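Just data-v3.cif here, mmCIF, C-alpha atoms:
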data_final
#
loop_
_atom_site.group_PDB
_atom_site.id
_atom_site.type_symbol
_atom_site.label_atom_id
_atom_site.label_comp_id
_atom_site.auth_asym_id
_atom_site.auth_seq_id
_atom_site.Cartn_x
_atom_site.Cartn_y
_atom_site.Cartn_z
ATOM 1 C CA MET A 1 25.044 153.577 248.772
ATOM 2 C CA SER A 2 24.112 157.211 249.327
ATOM 3 C CA ILE A 3 21.964 159.366 247.080
ATOM 4 C CA GLN A 4 23.108 162.953 246.719
ATOM 5 C CA ARG A 5 21.703 166.047 245.069
ATOM 6 C CA PRO A 6 21.905 165.882 241.277
ATOM 7 C CA TYR A 7 24.033 168.173 239.167
ATOM 8 C CA GLN A 8 22.271 171.522 238.761
ATOM 9 C CA LEU A 9 22.536 174.327 236.194
ATOM 10 C CA THR A 10 20.739 177.647 236.051
ATOM 11 C CA GLN A 11 18.101 178.246 233.377
ATOM 12 C CA SER A 12 20.472 180.485 231.384
ATOM 13 C CA GLN A 13 23.191 177.828 231.554
ATOM 14 C CA LYS A 14 20.749 175.154 230.396
ATOM 15 C CA MET A 15 19.798 177.344 227.446
ATOM 16 C CA MET A 16 23.468 177.888 226.600
ATOM 17 C CA VAL A 17 24.073 174.120 226.647
ATOM 18 C CA PHE A 18 21.021 173.660 224.418
ATOM 19 C CA VAL A 19 22.181 176.209 221.818
ATOM 20 C CA LEU A 20 25.802 175.018 221.938
ATOM 21 C CA SER A 21 24.740 171.404 221.365
ATOM 22 C CA MET A 22 22.362 172.485 218.592
ATOM 23 C CA SER A 23 24.989 174.461 216.677
ATOM 24 C CA LEU A 24 27.888 172.024 217.139
ATOM 25 C CA TYR A 25 25.947 168.918 216.204
ATOM 26 C CA GLY A 26 24.183 170.715 213.376
ATOM 27 C CA LEU A 27 27.589 171.739 212.045
ATOM 28 C CA SER A 28 28.913 168.177 212.258
ATOM 29 C CA ASN A 29 25.890 166.816 210.387
ATOM 30 C CA MET A 30 26.613 169.045 207.424
ATOM 31 C CA PHE A 31 30.181 167.784 207.248
ATOM 32 C CA THR A 32 28.927 164.190 207.189
ATOM 33 C CA GLU A 33 27.040 165.129 204.011
ATOM 34 C CA LEU A 34 30.437 165.698 202.368
ATOM 35 C CA ILE A 35 31.866 162.292 203.358
ATOM 36 C CA PRO A 36 31.219 159.566 200.734
ATOM 37 C CA SER A 37 29.868 156.142 201.744
ATOM 38 C CA LEU A 38 31.326 152.736 200.865
ATOM 39 C CA GLN A 39 28.980 150.089 199.448
ATOM 40 C CA LEU A 40 29.841 146.421 200.127
ATOM 41 C CA GLY A 41 27.033 144.404 198.573
ATOM 42 C CA PHE A 42 23.824 145.252 200.414
ATOM 43 C CA ILE A 43 25.843 146.666 203.337
ATOM 44 C CA GLU A 44 26.582 150.389 203.227
ATOM 45 C CA LEU A 45 29.455 151.665 205.353
ATOM 46 C CA SER A 46 28.911 155.345 205.950
ATOM 47 C CA VAL A 47 29.528 158.027 208.536
ATOM 48 C CA GLU A 48 25.978 158.493 209.774
ATOM 49 C CA TYR A 49 26.791 161.057 212.448
ATOM 50 C CA PHE A 50 29.421 162.404 214.819
ATOM 51 C CA ALA A 51 27.492 161.322 217.910
ATOM 52 C CA PHE A 52 30.464 161.986 220.183
ATOM 53 C CA ILE A 53 29.496 165.676 220.207
ATOM 54 C CA PRO A 54 26.081 165.341 221.893
ATOM 55 C CA LEU A 55 27.343 162.389 223.963
ATOM 56 C CA THR A 56 30.201 164.468 225.377
ATOM 57 C CA LEU A 57 27.890 167.401 226.121
ATOM 58 C CA CYS A 58 25.271 165.114 227.695
ATOM 59 C CA ILE A 59 27.885 163.554 229.969
ATOM 60 C CA LEU A 60 29.667 166.766 230.972
ATOM 61 C CA PHE A 61 26.690 169.122 231.211
ATOM 62 C CA HIS A 62 22.922 168.571 231.177
ATOM 63 C CA PRO A 63 21.683 165.382 229.430
ATOM 64 C CA PHE A 64 18.192 166.649 228.604
ATOM 65 C CA TYR A 65 19.075 170.029 227.098
ATOM 66 C CA ALA A 66 22.144 168.723 225.279
ATOM 67 C CA ALA A 67 20.143 165.828 223.797
ATOM 68 C CA ILE A 68 17.188 167.816 222.459
ATOM 69 C CA GLY A 69 19.543 170.600 221.344
ATOM 70 C CA ALA A 70 21.511 168.145 219.198
ATOM 71 C CA SER A 71 18.348 166.682 217.663
ATOM 72 C CA LEU A 72 16.989 170.118 216.861
ATOM 73 C CA GLY A 73 20.354 171.169 215.415
ATOM 74 C CA GLU A 74 20.261 168.247 212.998
ATOM 75 C CA ILE A 75 16.785 169.255 211.843
ATOM 76 C CA ILE A 76 17.563 172.980 211.471
ATOM 77 C CA PHE A 77 21.091 172.973 210.056
ATOM 78 C CA GLY A 78 21.289 169.500 208.536
ATOM 79 C CA GLU A 79 17.851 169.337 206.945
ATOM 80 C CA LEU A 80 15.729 172.496 206.909
ATOM 81 C CA MET A 81 18.536 174.738 205.679
ATOM 82 C CA LEU A 82 19.462 172.197 203.013
ATOM 83 C CA GLY A 83 15.854 171.695 201.905
ATOM 84 C CA GLN A 84 15.552 168.100 203.100
ATOM 85 C CA PHE A 85 12.859 168.287 205.787
ATOM 86 C CA GLY A 86 10.719 165.145 205.959
ATOM 87 C CA GLY A 87 7.738 166.539 207.877
ATOM 88 C CA ILE A 88 6.091 164.299 210.464
ATOM 89 C CA GLY A 89 8.635 161.600 209.697
ATOM 90 C CA GLU A 90 11.265 163.715 211.470
ATOM 91 C CA VAL A 91 9.444 163.173 214.777
ATOM 92 C CA GLU A 92 10.676 159.579 214.948
ATOM 93 C CA LYS A 93 14.290 160.586 214.407
ATOM 94 C CA PHE A 94 14.022 163.455 216.891
ATOM 95 C CA ILE A 95 12.547 161.265 219.641
ATOM 96 C CA THR A 96 14.764 158.200 219.212
ATOM 97 C CA PHE A 97 18.002 160.185 218.975
ATOM 98 C CA SER A 98 17.129 162.492 221.896
ATOM 99 C CA LEU A 99 16.091 159.522 224.026
ATOM 100 C CA GLY A 100 19.302 157.622 223.268
ATOM 101 C CA MET A 101 21.566 160.593 224.038
ATOM 102 C CA TYR A 102 19.629 161.442 227.215
ATOM 103 C CA ILE A 103 19.868 157.875 228.538
ATOM 104 C CA ALA A 104 23.614 157.844 227.821
ATOM 105 C CA GLY A 105 24.031 161.103 229.750
ATOM 106 C CA ILE A 106 22.119 160.054 232.880
ATOM 107 C CA LEU A 107 23.916 156.701 233.083
ATOM 108 C CA VAL A 108 27.283 158.398 233.689
ATOM 109 C CA ARG A 109 27.829 159.314 237.333
ATOM 110 C CA ASN A 110 31.610 159.722 237.157
ATOM 111 C CA PRO A 111 32.872 161.232 233.841
ATOM 112 C CA LEU A 112 36.378 159.942 234.614
ATOM 113 C CA ASN A 113 35.218 156.323 234.849
ATOM 114 C CA ARG A 114 35.879 154.864 231.378
ATOM 115 C CA ARG A 115 33.818 151.733 232.012
ATOM 116 C CA GLN A 116 30.837 153.850 232.961
ATOM 117 C CA VAL A 117 31.242 156.061 229.912
ATOM 118 C CA THR A 118 31.642 153.033 227.610
ATOM 119 C CA PHE A 119 28.520 151.344 228.963
ATOM 120 C CA ALA A 120 26.511 154.577 228.794
ATOM 121 C CA VAL A 121 27.528 155.382 225.219
ATOM 122 C CA MET A 122 26.756 151.912 223.887
ATOM 123 C CA ALA A 123 23.463 151.777 225.810
ATOM 124 C CA GLY A 124 22.396 155.127 224.392
ATOM 125 C CA LEU A 125 23.334 154.141 220.842
ATOM 126 C CA LEU A 126 21.547 150.802 221.218
ATOM 127 C CA VAL A 127 18.341 152.552 222.316
ATOM 128 C CA HIS A 128 18.525 154.960 219.365
ATOM 129 C CA HIS A 129 19.316 152.389 216.669
ATOM 130 C CA LEU A 130 17.154 149.590 218.060
ATOM 131 C CA LEU A 131 14.065 151.792 218.071
ATOM 132 C CA GLY A 132 14.831 152.842 214.496
ATOM 133 C CA THR A 133 15.244 149.207 213.474
ATOM 134 C CA ILE A 134 11.944 148.221 215.093
ATOM 135 C CA VAL A 135 10.188 151.053 213.256
ATOM 136 C CA ASP A 136 11.675 150.043 209.872
ATOM 137 C CA ILE A 137 10.729 146.398 210.344
ATOM 138 C CA GLY A 138 7.258 147.334 211.571
ATOM 139 C CA LYS A 139 6.583 149.501 208.509
ATOM 140 C CA VAL A 140 7.179 146.531 206.215
ATOM 141 C CA TRP A 141 5.196 144.042 208.284
ATOM 142 C CA VAL A 142 2.265 146.419 208.729
ATOM 143 C CA GLY A 143 2.375 147.231 205.030
ATOM 144 C CA VAL A 144 2.882 151.002 205.011
ATOM 145 C CA ASP A 145 6.265 150.569 203.328
ATOM 146 C CA GLU A 146 7.327 148.204 200.556
ATOM 147 C CA PHE A 147 10.634 146.410 200.918
ATOM 148 C CA GLU A 148 11.388 142.794 200.122
ATOM 149 C CA ALA A 149 15.074 141.994 199.939
ATOM 150 C CA VAL A 150 14.092 138.460 198.992
ATOM 151 C CA SER A 151 11.187 138.322 196.563
ATOM 152 C CA GLY A 152 8.004 137.202 198.326
ATOM 153 C CA LEU A 153 9.691 137.051 201.735
ATOM 154 C CA ALA A 154 9.001 140.201 203.757
ATOM 155 C CA GLU A 155 10.708 138.588 206.789
ATOM 156 C CA SER A 156 14.066 139.133 205.056
ATOM 157 C CA ILE A 157 13.829 142.743 206.257
ATOM 158 C CA VAL A 158 14.750 141.417 209.712
ATOM 159 C CA ILE A 159 18.109 140.141 208.423
ATOM 160 C CA ILE A 160 18.857 143.321 206.482
ATOM 161 C CA GLU A 161 17.890 145.591 209.364
ATOM 162 C CA GLY A 162 19.780 143.410 211.843
ATOM 163 C CA VAL A 163 22.971 143.688 209.788
ATOM 164 C CA SER A 164 22.392 147.435 209.471
ATOM 165 C CA LEU A 165 21.974 147.702 213.252
ATOM 166 C CA LEU A 166 25.265 145.905 213.853
ATOM 167 C CA ASN A 167 26.953 148.128 211.262
ATOM 168 C CA ASP A 168 25.659 151.268 212.958
ATOM 169 C CA LEU A 169 26.815 150.081 216.386
ATOM 170 C CA LEU A 170 30.162 148.540 215.425
ATOM 171 C CA PHE A 171 31.225 150.957 212.668
ATOM 172 C CA SER A 172 29.770 154.421 213.227
ATOM 173 C CA GLY A 173 29.046 153.663 216.882
ATOM 174 C CA ILE A 174 32.580 152.745 217.885
ATOM 175 C CA LEU A 175 34.608 154.888 215.473
ATOM 176 C CA PHE A 176 32.548 158.074 215.580
ATOM 177 C CA ALA A 177 30.844 157.862 218.967
ATOM 178 C CA LEU A 178 32.533 155.682 221.575
ATOM 179 C CA LEU A 179 36.254 156.244 220.894
ATOM 180 C CA PRO A 180 36.089 160.057 220.515
ATOM 181 C CA THR A 181 33.842 160.297 223.600
ATOM 182 C CA LEU A 182 36.250 158.190 225.663
ATOM 183 C CA TYR A 183 39.049 160.519 224.581
ATOM 184 C CA LEU A 184 37.247 163.843 225.048
ATOM 185 C CA VAL A 185 35.255 163.385 228.255
ATOM 186 C CA PRO A 186 38.155 162.816 230.711
ATOM 187 C CA ARG A 187 40.277 165.493 229.017
ATOM 188 C CA LEU A 188 37.550 168.141 228.999
ATOM 189 C CA TYR A 189 36.114 167.329 232.422
ATOM 190 C CA GLY A 190 36.969 170.060 234.913
ATOM 191 C CA LYS A 191 38.596 172.198 232.210
ATOM 192 C CA ILE A 192 35.838 173.237 229.816
ATOM 193 C CA GLU A 193 33.175 173.968 232.444
ATOM 194 C CA PRO A 194 35.011 176.928 234.097
ATOM 195 C CA LEU A 195 35.671 178.424 230.654
ATOM 196 C CA LEU A 196 31.915 178.428 230.078
ATOM 197 C CA GLY A 197 31.058 179.770 233.515
ATOM 198 C CA MET A 198 29.905 176.447 234.988
ATOM 199 C CA LYS A 199 31.005 174.097 237.719
ATOM 200 C CA PRO A 200 31.981 170.536 236.725
ATOM 201 C CA ARG A 201 29.857 167.593 237.795
ATOM 202 C CA ASN A 202 30.797 166.022 241.110
ATOM 203 C CA LYS A 203 32.632 162.855 240.075
ATOM 204 C CA ASN A 204 32.179 161.402 243.570
ATOM 205 C CA MET A 205 28.398 161.579 243.343
ATOM 206 C CA THR A 206 26.822 158.120 243.606
ATOM 207 C CA TYR A 207 23.366 156.831 242.710
ATOM 208 C CA THR A 208 21.581 153.529 242.897
ATOM 209 C CA ILE A 209 20.366 151.982 239.637
ATOM 210 C CA GLY A 210 16.834 152.540 240.883
ATOM 211 C CA ALA A 211 17.534 156.259 241.191
ATOM 212 C CA ILE A 212 18.555 156.381 237.529
ATOM 213 C CA VAL A 213 16.193 153.941 235.833
ATOM 214 C CA THR A 214 13.026 155.152 237.531
ATOM 215 C CA PRO A 215 9.480 154.022 236.701
ATOM 216 C CA LYS A 216 8.867 157.541 235.378
ATOM 217 C CA LEU A 217 11.786 157.230 232.940
ATOM 218 C CA VAL A 218 10.570 153.824 231.743
ATOM 219 C CA VAL A 219 6.975 155.021 231.245
ATOM 220 C CA VAL A 220 8.027 158.221 229.459
ATOM 221 C CA SER A 221 10.457 156.279 227.264
ATOM 222 C CA VAL A 222 7.755 153.819 226.248
ATOM 223 C CA ILE A 223 5.311 156.637 225.463
ATOM 224 C CA LEU A 224 7.935 158.445 223.368
ATOM 225 C CA ALA A 225 8.867 155.241 221.548
ATOM 226 C CA VAL A 226 5.223 154.570 220.659
ATOM 227 C CA THR A 227 4.836 158.183 219.518
ATOM 228 C CA ALA A 228 7.912 157.832 217.307
ATOM 229 C CA ILE A 229 6.551 154.633 215.746
ATOM 230 C CA ILE A 230 3.143 156.188 215.037
ATOM 231 C CA ALA A 231 4.727 159.321 213.525
ATOM 232 C CA GLU A 232 6.939 157.265 211.215
ATOM 233 C CA PHE A 233 4.019 155.070 210.159
ATOM 234 C CA LEU A 234 1.979 158.184 209.322
ATOM 235 C CA SER A 235 4.864 159.569 207.256
ATOM 236 C CA GLU A 236 4.457 156.616 204.870
ATOM 237 C CA THR A 237 0.715 157.103 204.404
ATOM 238 C CA GLU A 238 -1.606 159.695 202.908
ATOM 239 C CA TRP A 239 -1.775 161.303 206.335
ATOM 240 C CA ALA A 240 1.818 162.511 206.017
ATOM 241 C CA PHE A 241 2.237 166.259 206.343
ATOM 242 C CA GLY A 242 4.865 168.923 206.890
ATOM 243 C CA GLU A 243 7.284 167.811 204.174
ATOM 244 C CA TRP A 244 9.395 170.636 202.779
ATOM 245 C CA GLU A 245 11.928 169.768 200.088
ATOM 246 C CA PRO A 246 12.909 172.723 197.863
ATOM 247 C CA ASP A 247 16.308 171.017 197.362
ATOM 248 C CA PHE A 248 18.588 174.034 197.721
ATOM 249 C CA LEU A 249 21.690 172.058 196.687
ATOM 250 C CA ALA A 250 20.157 171.205 193.309
ATOM 251 C CA THR A 251 18.896 174.774 192.863
ATOM 252 C CA PHE A 252 21.964 176.759 193.916
ATOM 253 C CA GLY A 253 24.707 174.150 193.631
ATOM 254 C CA ASN A 254 26.812 172.265 196.170
ATOM 255 C CA TRP A 255 28.400 175.509 197.371
ATOM 256 C CA PHE A 256 25.145 176.283 199.232
ATOM 257 C CA ILE A 257 26.064 173.771 201.942
ATOM 258 C CA TRP A 258 28.609 176.311 203.197
ATOM 259 C CA VAL A 259 25.820 178.752 204.060
ATOM 260 C CA PRO A 260 24.397 176.703 206.970
ATOM 261 C CA ILE A 261 27.940 175.674 207.903
ATOM 262 C CA ALA A 262 28.943 179.331 208.249
ATOM 263 C CA LEU A 263 25.774 180.108 210.198
ATOM 264 C CA SER A 264 26.279 177.239 212.656
ATOM 265 C CA ILE A 265 29.930 178.282 213.194
ATOM 266 C CA PHE A 266 28.773 181.840 213.894
ATOM 267 C CA VAL A 267 26.158 180.624 216.397
ATOM 268 C CA THR A 268 28.729 178.402 218.139
ATOM 269 C CA PHE A 269 31.281 181.199 218.568
ATOM 270 C CA PHE A 270 28.537 183.613 219.638
ATOM 271 C CA VAL A 271 27.318 181.244 222.370
ATOM 272 C CA VAL A 272 30.848 180.501 223.612
ATOM 273 C CA ALA A 273 31.643 184.240 223.692
ATOM 274 C CA ILE A 274 28.524 184.956 225.776
ATOM 275 C CA MET A 275 29.271 182.114 228.185
ATOM 276 C CA ARG A 276 32.881 183.249 228.656
ATOM 277 C CA SER A 277 31.745 186.834 229.150
ATOM 278 C CA LYS A 278 29.325 185.764 231.869
ATOM 279 C CA SER A 279 32.041 183.647 233.475
ATOM 280 C CA LYS A 280 34.445 186.588 233.641
ATOM 281 C CA ARG A 281 31.728 188.887 234.995
ATOM 282 C CA ASN A 282 30.810 186.389 237.720
ATOM 283 C CA THR A 283 34.485 185.988 238.645
ATOM 284 C CA LYS A 284 34.922 189.753 239.009
ATOM 285 C CA GLU A 285 31.799 190.025 241.152
ATOM 286 C CA LEU A 286 33.108 187.287 243.462
ATOM 287 C CA GLU A 287 36.490 189.055 243.690
ATOM 288 C CA ASN A 288 34.790 192.335 244.571
ATOM 289 C CA LEU A 289 32.717 190.649 247.253
ATOM 290 C CA GLY A 290 35.870 189.072 248.643
#
Please rewrite the model in this file as structure tokens.
Amino acid sequence: MSIQRPYQLTQSQKMMVFVLSMSLYGLSNMFTELIPSLQLGFIELSVEYFAFIPLTLCILFHPFYAAIGASLGEIIFGELMLGQFGGIGEVEKFITFSLGMYIAGILVRNPLNRRQVTFAVMAGLLVHHLLGTIVDIGKVWVGVDEFEAVSGLAESIVIIEGVSLLNDLLFSGILFALLPTLYLVPRLYGKIEPLLGMKPRNKNMTYTIGAIVTPKLVVVSVILAVTAIIAEFLSETEWAFGEWEPDFLATFGNWFIWVPIALSIFVTFFVVAIMRSKSKRNTKELENLG
């Protein structure tokens, strides 16, 4: 099986993907704030995120820049601008979500292969949610967080977190990540890239598993996972810092949520307009050279 050159973007295109992912995912996170959750006993069915947005961008464009852009968009538009920033505790969420989206993006070699996309999406979501579950269980066992679903039995957190993990994967994961991604990726592939001044990924490009899951990726992933765990542990202790919670919604009313929504929409249209402008300019230059 041959190994070919990976998909390449220019620095300006990478930055455009980063900002586009940041604004789109940030926008979607604010809409999830408006969707009510359904409580069934100790199980809460809720729309945690619209992960299909960063997943689609990671698969079609650049996994790294789309992944960290989405994570940063959630922090800026979904938390900072709503007065819900959790300080150092946000590091864990940023790392685990970025890592999950990035892994999903690099696992897809052919965007038109539905099996590949399905496996990549579920693998990425599993990485994200499993790391979060391990952190939550670890906080109780270590003692930095108090939670005993069954009085005197801290091990019951394993059952609760396990059910929550399955809920996240089977409910939010399938309905709001896998199915929309399976629909969007093959329909946007080869169509959206030229509109944004980019070439689509080569769907015939092949890699070995070893070329994807490299020792470097494994080592970096482990280091990031440990960093996320430490940051979340610190957020539950006296060493926590960086929290900023002015609670704008309580101060100004629920209408304030439309302020960051409007800003993220403006940023999205601004980025798309710039990318289309560059695409048209490049096309004219090629025509003149021809």
Expressed in Å to a single decimal, how great is the separation between atom CA of Leu9 of chain A and atom CA of Ala273 of chain A? 18.4 Å
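The result of the PyMOL selection byres ((chain A and resi 30) around 9) on the shown file is Tyr25, Gly26, Leu27, Ser28, Asn29, Phe31, Thr32, Glu33, Leu34, Glu74, Phe77, Gly78, Glu79, Leu82, Ile257, Trp258, Pro260 and Ile261 of chain A.
Atom CA of Ile75 of chain A is positioned 20.1 Å from atom CA of Phe252 of chain A.
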Quick one: of A:Pro63, A:Gly83, A:Gly138, A:Gly132, who's nearest to Met101 of chain A, counting only C-alpha atoms? A:Pro63
Answer as a ChimeraX atom specification, residues within 12 Å of (35.5, 153.8, 225.5) using only C-alpha atoms: /A:52,55-56,111-122,173-186
Write the residues you've just listed into a file as a JSON list (two decimals), in the frame of the given file, and include C-alpha atoms for each of them.
[["chain", "number", "residue", "atom", "x", "y", "z"],
["A", 52, "PHE", "CA", 30.46, 161.99, 220.18],
["A", 55, "LEU", "CA", 27.34, 162.39, 223.96],
["A", 56, "THR", "CA", 30.20, 164.47, 225.38],
["A", 111, "PRO", "CA", 32.87, 161.23, 233.84],
["A", 112, "LEU", "CA", 36.38, 159.94, 234.61],
["A", 113, "ASN", "CA", 35.22, 156.32, 234.85],
["A", 114, "ARG", "CA", 35.88, 154.86, 231.38],
["A", 115, "ARG", "CA", 33.82, 151.73, 232.01],
["A", 116, "GLN", "CA", 30.84, 153.85, 232.96],
["A", 117, "VAL", "CA", 31.24, 156.06, 229.91],
["A", 118, "THR", "CA", 31.64, 153.03, 227.61],
["A", 119, "PHE", "CA", 28.52, 151.34, 228.96],
["A", 120, "ALA", "CA", 26.51, 154.58, 228.79],
["A", 121, "VAL", "CA", 27.53, 155.38, 225.22],
["A", 122, "MET", "CA", 26.76, 151.91, 223.89],
["A", 173, "GLY", "CA", 29.05, 153.66, 216.88],
["A", 174, "ILE", "CA", 32.58, 152.74, 217.88],
["A", 175, "LEU", "CA", 34.61, 154.89, 215.47],
["A", 176, "PHE", "CA", 32.55, 158.07, 215.58],
["A", 177, "ALA", "CA", 30.84, 157.86, 218.97],
["A", 178, "LEU", "CA", 32.53, 155.68, 221.58],
["A", 179, "LEU", "CA", 36.25, 156.24, 220.89],
["A", 180, "PRO", "CA", 36.09, 160.06, 220.52],
["A", 181, "THR", "CA", 33.84, 160.30, 223.60],
["A", 182, "LEU", "CA", 36.25, 158.19, 225.66],
["A", 183, "TYR", "CA", 39.05, 160.52, 224.58],
["A", 184, "LEU", "CA", 37.25, 163.84, 225.05],
["A", 185, "VAL", "CA", 35.26, 163.38, 228.26],
["A", 186, "PRO", "CA", 38.16, 162.82, 230.71]]
Grab all the atoms of segment 160-177 of chain A that the file lists, wrap them in a box along x, y and z, add 3 Å per side, and give me centre plus edge lengths in Å (one decimal) as AutoDock Vina command-line options.
--center_x 26.2 --center_y 150.7 --center_z 212.7 --size_x 22.7 --size_y 20.8 --size_z 18.5
Evaluate the PyMOL selection byres ((chain A and resi 10-15) around 8) on the structure here and hand back the selected residues as a PDB file with C-alpha atoms, in the frame of the given file.
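Below is the file expr_24.pdb, written as the result:
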ATOM      1  CA  GLN A   8      22.271 171.522 238.761  1.00  0.00           C
ATOM      2  CA  LEU A   9      22.536 174.327 236.194  1.00  0.00           C
ATOM      3  CA  MET A  16      23.468 177.888 226.600  1.00  0.00           C
ATOM      4  CA  VAL A  17      24.073 174.120 226.647  1.00  0.00           C
ATOM      5  CA  PHE A  18      21.021 173.660 224.418  1.00  0.00           C
ATOM      6  CA  VAL A  19      22.181 176.209 221.818  1.00  0.00           C
ATOM      7  CA  HIS A  62      22.922 168.571 231.177  1.00  0.00           C
ATOM      8  CA  TYR A  65      19.075 170.029 227.098  1.00  0.00           C
ATOM      9  CA  MET A 198      29.905 176.447 234.988  1.00  0.00           C
TER      10      MET A 198
END
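What separates atom CA of Leu165 of chain A from atom CA of Leu130 of chain A is a distance of 7.1 Å.
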